[in-house]
$ cat coords-v8.pdb   # PDB, C-alpha atoms
ATOM      1  CA  MET A   1       1.265 -30.303   3.637
ATOM      2  CA  SER A   2       1.286 -28.021   6.658
ATOM      3  CA  ALA A   3      -1.441 -25.429   7.214
ATOM      4  CA  ALA A   4       1.149 -22.688   6.698
ATOM      5  CA  TRP A   5       1.984 -23.916   3.197
ATOM      6  CA  VAL A   6      -1.706 -24.117   2.287
ATOM      7  CA  VAL A   7      -2.016 -20.451   3.297
ATOM      8  CA  VAL A   8       1.076 -19.511   1.301
ATOM      9  CA  LEU A   9      -0.158 -21.248  -1.850
ATOM     10  CA  VAL A  10      -3.811 -20.144  -1.722
ATOM     11  CA  ALA A  11      -3.127 -16.547  -0.643
ATOM     12  CA  GLY A  12      -0.140 -16.256  -2.982
ATOM     13  CA  ALA A  13      -1.948 -17.511  -6.074
ATOM     14  CA  GLY A  14      -5.061 -15.495  -5.214
ATOM     15  CA  THR A  15      -3.102 -12.276  -4.722
ATOM     16  CA  ILE A  16      -1.197 -12.732  -7.982
ATOM     17  CA  ALA A  17      -4.558 -13.076  -9.734
ATOM     18  CA  LEU A  18      -6.057 -10.038  -7.945
ATOM     19  CA  LYS A  19      -3.111  -7.802  -8.782
ATOM     20  CA  GLY A  20      -2.763  -9.107 -12.311
ATOM     21  CA  ALA A  21      -6.404  -9.151 -13.420
ATOM     22  CA  GLY A  22      -6.627  -5.491 -14.468
ATOM     23  CA  PRO A  23      -3.299  -5.301 -16.322
ATOM     24  CA  LEU A  24      -3.880  -8.710 -17.982
ATOM     25  CA  LEU A  25      -7.342  -7.842 -19.257
ATOM     26  CA  LEU A  26      -6.981  -4.107 -19.902
ATOM     27  CA  GLY A  27      -3.221  -3.658 -20.182
ATOM     28  CA  GLY A  28      -2.135  -0.684 -22.291
ATOM     29  CA  ARG A  29      -5.675   0.478 -22.998
ATOM     30  CA  GLU A  30      -7.088   3.806 -21.902
ATOM     31  CA  LEU A  31      -9.821   3.576 -19.310
ATOM     32  CA  PRO A  32     -13.136   5.153 -20.311
ATOM     33  CA  LEU A  33     -13.496   8.784 -19.205
ATOM     34  CA  ARG A  34     -16.000   7.911 -16.488
ATOM     35  CA  ALA A  35     -13.679   5.300 -15.064
ATOM     36  CA  GLN A  36     -10.794   7.789 -15.084
ATOM     37  CA  GLY A  37     -12.831  10.094 -12.875
ATOM     38  CA  LEU A  38     -13.328   7.228 -10.422
ATOM     39  CA  VAL A  39      -9.722   6.068 -10.501
ATOM     40  CA  ALA A  40      -8.492   9.561  -9.676
ATOM     41  CA  LEU A  41     -10.313   9.363  -6.347
ATOM     42  CA  LEU A  42      -9.294   5.803  -5.527
ATOM     43  CA  ALA A  43      -5.972   6.778  -3.936
ATOM     44  CA  PRO A  44      -7.336   9.290  -1.421
ATOM     45  CA  ALA A  45     -10.291   7.025  -0.524
ATOM     46  CA  LEU A  46      -8.189   3.895   0.038
ATOM     47  CA  LEU A  47      -5.379   5.714   1.839
ATOM     48  CA  ALA A  48      -7.810   7.319   4.286
ATOM     49  CA  ALA A  49      -9.384   3.919   4.933
ATOM     50  CA  LEU A  50      -5.977   2.307   5.517
ATOM     51  CA  ILE A  51      -5.069   5.075   7.956
ATOM     52  CA  VAL A  52      -8.157   4.781  10.139
ATOM     53  CA  VAL A  53      -8.165   0.969  10.120
ATOM     54  CA  GLN A  54      -4.477   0.699  10.962
ATOM     55  CA  ALA A  55      -4.587   3.442  13.593
ATOM     56  CA  PHE A  56      -7.847   2.557  15.347
ATOM     57  CA  GLY A  57      -8.787  -0.980  14.301
ATOM     58  CA  ASP A  58      -8.112  -3.991  16.487
ATOM     59  CA  GLY A  59      -9.812  -6.966  14.877
ATOM     60  CA  ARG A  60     -13.463  -5.944  14.931
ATOM     61  CA  ALA A  61     -13.062  -3.356  17.674
ATOM     62  CA  LEU A  62     -12.222   0.325  17.431
ATOM     63  CA  VAL A  63      -9.661   1.326  20.035
ATOM     64  CA  VAL A  64      -7.711   4.444  20.882
ATOM     65  CA  ASP A  65      -4.264   3.318  21.985
ATOM     66  CA  ALA A  66      -0.629   4.218  21.503
ATOM     67  CA  ARG A  67      -1.085   4.182  17.732
ATOM     68  CA  ALA A  68      -3.423   7.194  18.022
ATOM     69  CA  ALA A  69      -0.628   9.105  19.744
ATOM     70  CA  GLY A  70       1.616   8.072  16.884
ATOM     71  CA  LEU A  71      -0.882   9.330  14.323
ATOM     72  CA  ALA A  72      -1.216  12.652  16.149
ATOM     73  CA  ALA A  73       2.561  13.009  16.166
ATOM     74  CA  ALA A  74       2.620  12.261  12.442
ATOM     75  CA  ALA A  75      -0.026  14.898  11.758
ATOM     76  CA  ALA A  76       1.944  17.454  13.763
ATOM     77  CA  ALA A  77       5.130  16.606  11.875
ATOM     78  CA  LEU A  78       3.293  16.958   8.565
ATOM     79  CA  LEU A  79       1.959  20.378   9.578
ATOM     80  CA  LEU A  80       5.570  21.386  10.237
ATOM     81  CA  ARG A  81       6.384  20.140   6.712
ATOM     82  CA  ALA A  82       8.768  17.494   7.979
ATOM     83  CA  PRO A  83      10.067  14.960   5.442
ATOM     84  CA  THR A  84       8.304  11.588   5.357
ATOM     85  CA  LEU A  85      11.020   9.721   7.191
ATOM     86  CA  VAL A  86      10.789  12.179  10.090
ATOM     87  CA  VAL A  87       6.988  11.835  10.094
ATOM     88  CA  VAL A  88       7.225   8.060  10.383
ATOM     89  CA  VAL A  89       9.931   8.115  13.041
ATOM     90  CA  ALA A  90       7.955  10.690  15.071
ATOM     91  CA  ALA A  91       4.902   8.416  14.953
ATOM     92  CA  ALA A  92       6.837   5.333  16.025
ATOM     93  CA  ALA A  93       8.618   7.224  18.794
ATOM     94  CA  ALA A  94       5.367   8.709  20.143
ATOM     95  CA  ALA A  95       3.715   5.286  20.186
ATOM     96  CA  ALA A  96       6.729   3.692  21.861
ATOM     97  CA  LEU A  97       6.786   6.485  24.446
ATOM     98  CA  VAL A  98       3.082   6.075  25.286
ATOM     99  CA  ARG A  99       3.590   2.320  25.671
ATOM    100  CA  ALA A 100       6.596   2.822  27.912
ATOM    101  CA  LEU A 101       4.706   5.155  30.263
TER
ATOM    102  CA  MET B 102      13.579  18.380  -7.981
ATOM    103  CA  ARG B 103      13.317  16.839 -11.400
ATOM    104  CA  PRO B 104      13.590  19.255 -14.298
ATOM    105  CA  VAL B 105      10.170  19.293 -15.971
ATOM    106  CA  ASP B 106      11.435  18.344 -19.419
ATOM    107  CA  ARG B 107      13.030  15.068 -18.355
ATOM    108  CA  PRO B 108      10.823  11.968 -18.159
ATOM    109  CA  HIS B 109      10.788   9.973 -14.941
ATOM    110  CA  ARG B 110      13.405   7.255 -14.720
ATOM    111  CA  HIS B 111      13.377   3.984 -12.817
ATOM    112  CA  ARG B 112      15.843   5.356 -10.350
ATOM    113  CA  ASP B 113      13.533   8.295  -9.575
ATOM    114  CA  GLY B 114      10.980   5.766  -8.352
ATOM    115  CA  ALA B 115      13.610   3.968  -6.299
ATOM    116  CA  ARG B 116      14.833   7.218  -4.763
ATOM    117  CA  ARG B 117      11.377   8.502  -3.904
ATOM    118  CA  VAL B 118      10.307   5.276  -2.303
ATOM    119  CA  ALA B 119      13.575   4.599  -0.438
ATOM    120  CA  PRO B 120      12.502   5.958   2.962
ATOM    121  CA  LEU B 121       9.238   4.053   2.708
ATOM    122  CA  ALA B 122      11.070   0.904   1.634
ATOM    123  CA  ALA B 123      13.211   1.163   4.768
ATOM    124  CA  VAL B 124      10.072   1.110   6.921
ATOM    125  CA  VAL B 125       8.670  -1.765   4.863
ATOM    126  CA  ALA B 126      11.911  -3.723   5.354
ATOM    127  CA  LEU B 127      11.672  -3.266   9.130
ATOM    128  CA  PHE B 128       8.096  -4.437   8.961
ATOM    129  CA  GLY B 129       9.293  -7.415   6.921
ATOM    130  CA  VAL B 130      11.635  -8.351   9.754
ATOM    131  CA  THR B 131       8.673  -8.172  12.132
ATOM    132  CA  PHE B 132       6.628 -10.361   9.830
ATOM    133  CA  GLY B 133       9.423 -12.930   9.593
ATOM    134  CA  VAL B 134       9.548 -13.165  13.384
ATOM    135  CA  LEU B 135       5.780 -13.435  13.823
ATOM    136  CA  ALA B 136       5.394 -15.946  10.994
ATOM    137  CA  ARG B 137       7.833 -18.336  12.659
ATOM    138  CA  ASP B 138       5.801 -18.052  15.879
ATOM    139  CA  ALA B 139       2.626 -18.744  13.889
ATOM    140  CA  GLY B 140       4.004 -22.008  12.557
ATOM    141  CA  PHE B 141       5.503 -20.991   9.213
ATOM    142  CA  SER B 142       8.858 -22.532   8.341
ATOM    143  CA  ALA B 143      11.524 -20.016   7.356
ATOM    144  CA  LEU B 144      11.108 -21.046   3.716
ATOM    145  CA  ALA B 145       7.307 -20.786   3.852
ATOM    146  CA  SER B 146       7.427 -17.269   5.311
ATOM    147  CA  ILE B 147       9.911 -16.114   2.664
ATOM    148  CA  VAL B 148       7.869 -17.641  -0.177
ATOM    149  CA  PHE B 149       4.754 -16.040   1.354
ATOM    150  CA  SER B 150       6.390 -12.589   1.181
ATOM    151  CA  ALA B 151       7.702 -13.203  -2.336
ATOM    152  CA  THR B 152       4.303 -14.224  -3.734
ATOM    153  CA  THR B 153       1.628 -12.447  -1.688
ATOM    154  CA  PHE B 154       3.760  -9.312  -1.157
ATOM    155  CA  GLY B 155       1.187  -7.558   0.977
ATOM    156  CA  GLY B 156       2.053  -6.728   4.564
ATOM    157  CA  SER B 157      -1.382  -6.361   6.109
ATOM    158  CA  ALA B 158      -2.660  -9.511   4.364
ATOM    159  CA  GLN B 159       0.280 -11.590   5.542
ATOM    160  CA  PHE B 160       0.053 -10.354   9.129
ATOM    161  CA  ALA B 161      -3.652 -11.147   9.141
ATOM    162  CA  ALA B 162      -3.081 -14.678   7.827
ATOM    163  CA  ALA B 163      -0.347 -15.374  10.370
ATOM    164  CA  GLY B 164      -2.619 -13.968  13.079
ATOM    165  CA  VAL B 165      -5.499 -16.273  12.153
ATOM    166  CA  LEU B 166      -3.211 -19.324  12.110
ATOM    167  CA  SER B 167      -1.573 -18.539  15.426
ATOM    168  CA  ALA B 168      -5.008 -18.016  16.994
ATOM    169  CA  GLY B 169      -5.803 -21.598  15.976
ATOM    170  CA  GLY B 170      -7.799 -20.740  12.848
ATOM    171  CA  ALA B 171      -8.041 -23.008   9.793
ATOM    172  CA  ALA B 172      -5.720 -22.575   6.820
ATOM    173  CA  LEU B 173      -8.561 -21.570   4.526
ATOM    174  CA  ALA B 174      -9.801 -18.963   7.013
ATOM    175  CA  ALA B 175      -6.301 -17.509   7.146
ATOM    176  CA  ALA B 176      -5.995 -17.436   3.354
ATOM    177  CA  THR B 177      -9.443 -15.841   3.042
ATOM    178  CA  ALA B 178      -8.467 -13.086   5.478
ATOM    179  CA  ALA B 179      -5.356 -12.419   3.417
ATOM    180  CA  LEU B 180      -7.290 -12.304   0.161
ATOM    181  CA  LEU B 181      -9.909  -9.938   1.589
ATOM    182  CA  LEU B 182      -7.155  -7.589   2.679
ATOM    183  CA  ASN B 183      -5.559  -7.775  -0.754
ATOM    184  CA  ALA B 184      -8.836  -7.398  -2.655
ATOM    185  CA  ARG B 185      -8.175  -3.676  -3.018
ATOM    186  CA  TYR B 186      -5.386  -4.639  -5.401
ATOM    187  CA  ALA B 187      -7.975  -5.621  -7.972
ATOM    188  CA  ALA B 188      -9.074  -1.970  -8.135
ATOM    189  CA  ILE B 189      -5.514  -0.686  -7.873
ATOM    190  CA  GLY B 190      -4.511  -3.018 -10.707
ATOM    191  CA  MET B 191      -7.261  -1.585 -12.906
ATOM    192  CA  SER B 192      -6.051   1.942 -12.188
ATOM    193  CA  VAL B 193      -2.512   1.237 -13.413
ATOM    194  CA  ALA B 194      -3.541  -1.039 -16.304
ATOM    195  CA  PRO B 195      -3.356   1.718 -18.968
ATOM    196  CA  GLU B 196       0.335   2.221 -18.124
ATOM    197  CA  LEU B 197       1.269  -1.451 -18.362
ATOM    198  CA  HIS B 198       1.740  -2.706 -21.887
ATOM    199  CA  GLY B 199       3.835  -5.426 -23.477
ATOM    200  CA  PRO B 200       3.372  -9.199 -23.455
ATOM    201  CA  TRP B 201       0.925 -10.704 -20.945
ATOM    202  CA  TRP B 202       3.628 -12.166 -18.712
ATOM    203  CA  GLU B 203       5.364  -8.807 -18.444
ATOM    204  CA  ARG B 204       2.115  -7.083 -17.493
ATOM    205  CA  LEU B 205       1.431  -9.828 -14.930
ATOM    206  CA  LEU B 206       4.905  -9.492 -13.386
ATOM    207  CA  ARG B 207       4.884  -5.705 -13.265
ATOM    208  CA  ALA B 208       1.424  -5.741 -11.715
ATOM    209  CA  GLN B 209       2.736  -7.791  -8.788
ATOM    210  CA  LEU B 210       4.934  -4.887  -7.683
ATOM    211  CA  VAL B 211       2.077  -2.414  -7.302
ATOM    212  CA  VAL B 212       1.567  -2.293  -3.537
ATOM    213  CA  ASP B 213       0.112   0.730  -1.730
ATOM    214  CA  GLU B 214       3.294   2.763  -1.282
ATOM    215  CA  VAL B 215       4.485   2.087  -4.819
ATOM    216  CA  TRP B 216       1.101   2.906  -6.285
ATOM    217  CA  VAL B 217       0.929   6.275  -4.551
ATOM    218  CA  ILE B 218       4.544   7.209  -5.304
ATOM    219  CA  SER B 219       3.996   6.647  -9.016
ATOM    220  CA  HIS B 220       0.755   8.656  -9.137
ATOM    221  CA  THR B 221       1.464  11.671 -11.302
ATOM    222  CA  GLY B 222      -1.943  13.278 -10.677
ATOM    223  CA  GLY B 223      -5.450  12.936 -12.069
ATOM    224  CA  GLY B 224      -5.458   9.140 -11.873
ATOM    225  CA  ARG B 225      -2.386   8.752 -14.082
ATOM    226  CA  TYR B 226       0.551   6.531 -13.194
ATOM    227  CA  ASP B 227       4.123   6.457 -14.452
ATOM    228  CA  ARG B 228       5.352   3.000 -15.423
ATOM    229  CA  ARG B 229       9.026   3.745 -14.769
ATOM    230  CA  LEU B 230       8.266   5.047 -11.294
ATOM    231  CA  LEU B 231       6.127   1.926 -10.743
ATOM    232  CA  LEU B 232       8.965  -0.421 -11.667
ATOM    233  CA  GLY B 233      11.745   1.442  -9.847
ATOM    234  CA  ALA B 234       9.720   1.938  -6.669
ATOM    235  CA  GLY B 235       8.162  -1.524  -6.892
ATOM    236  CA  LEU B 236      11.448  -3.399  -7.116
ATOM    237  CA  THR B 237      12.868  -1.363  -4.228
ATOM    238  CA  VAL B 238       9.958  -2.079  -1.903
ATOM    239  CA  TYR B 239       9.837  -5.734  -3.000
ATOM    240  CA  ALA B 240      13.518  -6.187  -2.225
ATOM    241  CA  GLY B 241      13.043  -4.561   1.179
ATOM    242  CA  TRP B 242      10.036  -6.698   2.070
ATOM    243  CA  VAL B 243      11.543 -10.030   1.031
ATOM    244  CA  ALA B 244      14.972  -9.254   2.524
ATOM    245  CA  GLY B 245      13.354  -8.098   5.771
ATOM    246  CA  THR B 246      11.225 -11.238   5.963
ATOM    247  CA  THR B 247      14.273 -13.413   5.363
ATOM    248  CA  LEU B 248      16.208 -11.709   8.128
ATOM    249  CA  GLY B 249      13.298 -11.961  10.557
ATOM    250  CA  ALA B 250      12.566 -15.593   9.718
ATOM    251  CA  LEU B 251      16.194 -16.691  10.079
ATOM    252  CA  ALA B 252      17.354 -14.473  12.930
ATOM    253  CA  GLY B 253      14.033 -13.779  14.631
ATOM    254  CA  SER B 254      14.966 -14.923  18.092
ATOM    255  CA  LEU B 255      17.754 -12.340  18.247
ATOM    256  CA  ILE B 256      15.332  -9.463  17.671
ATOM    257  CA  GLY B 257      13.235  -7.966  20.452
ATOM    258  CA  ASP B 258       9.559  -7.035  20.529
ATOM    259  CA  PRO B 259       8.942  -4.792  17.502
ATOM    260  CA  LEU B 260       5.784  -3.308  19.036
ATOM    261  CA  ALA B 261       7.930  -1.730  21.758
ATOM    262  CA  LEU B 262       9.548   0.257  18.944
ATOM    263  CA  GLY B 263       6.161   1.605  17.903
ATOM    264  CA  LEU B 264       6.460   0.023  14.457
ATOM    265  CA  ASP B 265       2.728  -0.604  14.222
ATOM    266  CA  ALA B 266       2.186   3.158  14.472
ATOM    267  CA  ALA B 267       4.594   3.734  11.594
ATOM    268  CA  PHE B 268       2.157   2.531   8.965
ATOM    269  CA  PRO B 269      -0.798   4.829   9.563
ATOM    270  CA  ALA B 270       1.767   7.650   9.716
ATOM    271  CA  LEU B 271       3.295   6.537   6.435
ATOM    272  CA  PHE B 272      -0.100   6.429   4.760
ATOM    273  CA  LEU B 273      -1.003   9.827   6.180
ATOM    274  CA  ALA B 274       2.199  11.247   4.696
ATOM    275  CA  LEU B 275       1.225   9.677   1.377
ATOM    276  CA  LEU B 276      -2.356  10.932   1.573
ATOM    277  CA  VAL B 277      -1.628  14.622   2.176
ATOM    278  CA  PRO B 278      -0.114  15.324  -1.274
ATOM    279  CA  GLN B 279      -3.113  13.533  -2.885
ATOM    280  CA  LEU B 280      -5.559  16.075  -1.486
ATOM    281  CA  GLY B 281      -5.104  18.601  -4.254
ATOM    282  CA  SER B 282      -8.783  19.066  -5.036
ATOM    283  CA  ARG B 283     -11.948  19.504  -3.029
ATOM    284  CA  ARG B 284     -13.240  16.296  -4.541
ATOM    285  CA  ALA B 285     -10.172  14.319  -3.507
ATOM    286  CA  ALA B 286     -10.554  15.610   0.046
ATOM    287  CA  ALA B 287     -14.225  14.603   0.028
ATOM    288  CA  ALA B 288     -13.316  11.115  -1.216
ATOM    289  CA  ALA B 289     -10.736  10.776   1.569
ATOM    290  CA  LEU B 290     -13.223  11.858   4.241
ATOM    291  CA  LEU B 291     -15.913   9.550   2.910
ATOM    292  CA  GLY B 292     -13.506   6.628   2.494
ATOM    293  CA  GLY B 293     -12.237   7.042   6.058
ATOM    294  CA  ALA B 294     -15.774   7.301   7.419
ATOM    295  CA  ILE B 295     -16.943   4.166   5.571
ATOM    296  CA  ALA B 296     -13.964   2.190   6.868
ATOM    297  CA  LEU B 297     -14.425   3.423  10.428
ATOM    298  CA  ALA B 298     -18.126   2.573  10.399
ATOM    299  CA  LEU B 299     -17.559  -0.937   9.049
ATOM    300  CA  VAL B 300     -14.678  -2.067  11.287
ATOM    301  CA  PRO B 301     -17.029  -3.335  14.036
ATOM    302  CA  LEU B 302     -19.471  -4.827  11.519
ATOM    303  CA  ALA B 303     -17.438  -6.616   8.868
ATOM    304  CA  PRO B 304     -14.439  -8.969   8.724
ATOM    305  CA  PRO B 305     -11.009  -7.319   8.405
ATOM    306  CA  GLY B 306     -10.350  -6.220   4.854
ATOM    307  CA  VAL B 307     -13.982  -5.523   3.976
ATOM    308  CA  PRO B 308     -13.974  -1.971   5.445
ATOM    309  CA  ILE B 309     -11.073  -1.031   3.168
ATOM    310  CA  ILE B 310     -12.655  -2.505   0.054
ATOM    311  CA  ALA B 311     -15.952  -0.782   0.867
ATOM    312  CA  ALA B 312     -14.123   2.527   1.259
ATOM    313  CA  ALA B 313     -13.237   2.301  -2.430
ATOM    314  CA  LEU B 314     -16.907   3.128  -3.063
ATOM    315  CA  ALA B 315     -16.061   6.686  -2.035
ATOM    316  CA  CYS B 316     -14.527   7.151  -5.466
ATOM    317  CA  LEU B 317     -18.089   7.099  -6.851
ATOM    318  CA  LEU B 318     -17.965  10.801  -5.969
ATOM    319  CA  GLY B 319     -16.037  11.008  -9.231
ATOM    320  CA  LEU B 320     -19.274  10.359 -11.126
ATOM    321  CA  ARG B 321     -20.672  13.713 -10.079
ATOM    322  CA  GLY B 322     -19.938  17.007 -11.716
ATOM    323  CA  PRO B 323     -17.999  17.585 -14.937
ATOM    324  CA  ARG B 324     -17.336  14.389 -16.850
ATOM    325  CA  ALA B 325     -13.948  15.310 -18.152
ATOM    326  CA  LEU B 326     -11.092  15.450 -15.733
ATOM    327  CA  PRO B 327      -8.987  18.559 -15.562
ATOM    328  CA  GLU B 328      -5.729  18.128 -17.443
ATOM    329  CA  PRO B 329      -3.305  16.079 -15.380
ATOM    330  CA  VAL B 330      -1.296  18.579 -13.413
ATOM    331  CA  GLU B 331       2.384  18.062 -12.814
ATOM    332  CA  PHE B 332       2.027  16.486  -9.439
ATOM    333  CA  GLU B 333       4.336  18.023  -6.865
ATOM    334  CA  HIS B 334       5.822  15.274  -4.766
ATOM    335  CA  ARG B 335       7.096  16.448  -1.469
ATOM    336  CA  GLU B 336      10.740  15.591  -1.001
ATOM    337  CA  LEU B 337      10.671  12.374   0.944
ATOM    338  CA  LEU B 338      14.245  12.459   2.144
ATOM    339  CA  PRO B 339      15.350  14.916   4.787
TER
END

$ encode --input "coords-v8.pdb" --output "C-alpha cells"
Amino acid sequence: MSAAWVVVLVAGAGTIALKGAGPLLLGGRELPLRAQGLVALLAPALLAALIVVQAFGDGRALVVDARAAGLAAAAAALLLRAPTLVVVVAAAAAAALVRAL
Amino acid sequence: MRPVDRPHRHRDGARRVAPLAAVVALFGVTFGVLARDAGFSALASIVFSATTFGGSAQFAAAGVLSAGGAALAAATAALLLNARYAAIGMSVAPELHGPWWERLLRAQLVVDEVWVISHTGGGRYDRRLLLGAGLTVYAGWVAGTTLGALAGSLIGDPLALGLDAAFPALFLALLVPQLGSRRAAAAALLGGAIALALVPLAPPGVPIIAAALACLLGLRGPRALPEPVEFEHRELLP
C-alpha cells in the first residue's frame, strides 16, 4: 500500500473518531451547566486561533507576508459592514496584489 | 431575515453557508492539485476529502508527504490539526439525537464553518442548520477535490489568486458576530494570544488545540448562562 493510502486510512479513521466521539457518547443529552459556560466560549477562542495561525503561521515560524495584507483588507471590509463574500474576495485580492508587486 | 416564529430549516443552513462553501470548493480544487503533486492518486485524494473532511489537516498531511516525511508523521499532523473537532463534537452533542450511526454521520459534517453558522448563541447549536450547512460544505469540498485531482494540470497556481489569505478572512468574518459579550471577546483575545505564542514552540495543530483552553474563562463569574439570545446572523450574501 502506498504511503498516501496509509495517510488516508489512518487520518480518515482517526478524524471520524474525533468528530464522532462527543455525539456518540453524549448524543442528545444536555451538557452540565459548567460545561455549557465553557462551550459558549469555544467558538470565539478557536476562531481567533485559526485566524492568527492561518494568517501569520508558516510551519513553526511567524511571518508577516501577503496574507497579513489580506487580513487587513478583510478587517477593513468588515468595518464597512461588507457581506462575507466581499470580505473574502477583498482579502484574496489584497494578498494577490501584494504578491504581484 | 427569518421571521422569529419559524424554526430554522435545512435550507436556511445551506443558504447561509453558500458563500463559504464556494470558497471551500475552490480550496478543494487547490487541495486536489497539491495532493496529486504530493503522491496521492486521484482516488486517494478524493477518498481523503470524503473521510477526513478537514482542509487544514489534509493540506498539512500532503505537505509532510511531499517534503519526504513518513506516512505516520503525515497522518499525525492531520490528526493534531483535527483534534479540535473532539471539543467541537462535544459542543454539538446535545443537538444530535437518534440512533448511534445517525449521530456518527451527522457529526462528520461539523467542520469549522458549519459549526459557526449553526451557532444560535450561548453555546447552542441548531441541528437543521448543521445538516443543511454541513451537506453543502461537504459537497463543495469533495467536488472541488475531485475537480482538482482530475483536472489539476489545467489549473494555475492558486496562491497567485490569494486563496490562502481567504481563510483567515473567512474566519474573521465568522468571528465578529460571535463577539457579543465581553467574555466572548476576552476568550477570542486569549485564544489568539495562546495560538500565536505556541506557533514557534509546538507542532502545527497544537497551538489551536491549546487555544481552546481560553474557554476556561467561562468558569469565572455567574454560573448560569444568560438566556440564549436570538443570535443575529449578518446576511452573508451581498

$ axis_aligned_box --input "coords-v8.pdb" --around "segment 58-71 of chain A" --padding-each-side "6 Å" --output "JSON"
{"center_x": -5.9, "center_y": 1.2, "center_z": 18.2, "size_x": 27.1, "size_y": 28.3, "size_z": 19.7}

$ closest_residue --input "coords-v8.pdb" --among "B:Pro301, B:Leu180, B:Gly199, B:Ala294" --to "Ala315 of chain B" --atoms "only C-alpha atoms"
B:Ala294

$ resolve_selection --input "coords-v8.pdb" --expression "the PyMOL selection byres ((chain A and resi 56) around 12)" --output "ChimeraX atom specification"
/A:49-55,57-71 /B:265-266,268-269,293,296-298,300-301

$ resolve_selection --input "coords-v8.pdb" --expression "the PyMOL selection byres ((chain A and resi 39) around 12)" --output "PyMOL selection string"
(chain A and resi 30-38+40-46) or (chain B and resi 188-195+220+222-226+285+288+313-320+326)

$ resolve_selection --input "coords-v8.pdb" --expression "the PyMOL selection byres ((chain A and resi 15) around 9)" --output "list in words"
Val10, Ala11, Gly12, Ala13, Gly14, Ile16, Ala17, Leu18, Lys19 and Gly20 of chain A; Thr152, Thr153, Phe154, Gly155, Ala179, Leu180, Asn183, Ala184, Tyr186, Ala187 and Gln209 of chain B

$ atom_distance --input "coords-v8.pdb" --atom1 "atom CA of Ser167 of chain B" --atom2 "atom CA of Gly306 of chain B"
18.5 Å

$ atom_distance --input "coords-v8.pdb" --atom1 "atom CA of Leu291 of chain B" --atom2 "atom CA of Leu230 of chain B"
28.4 Å
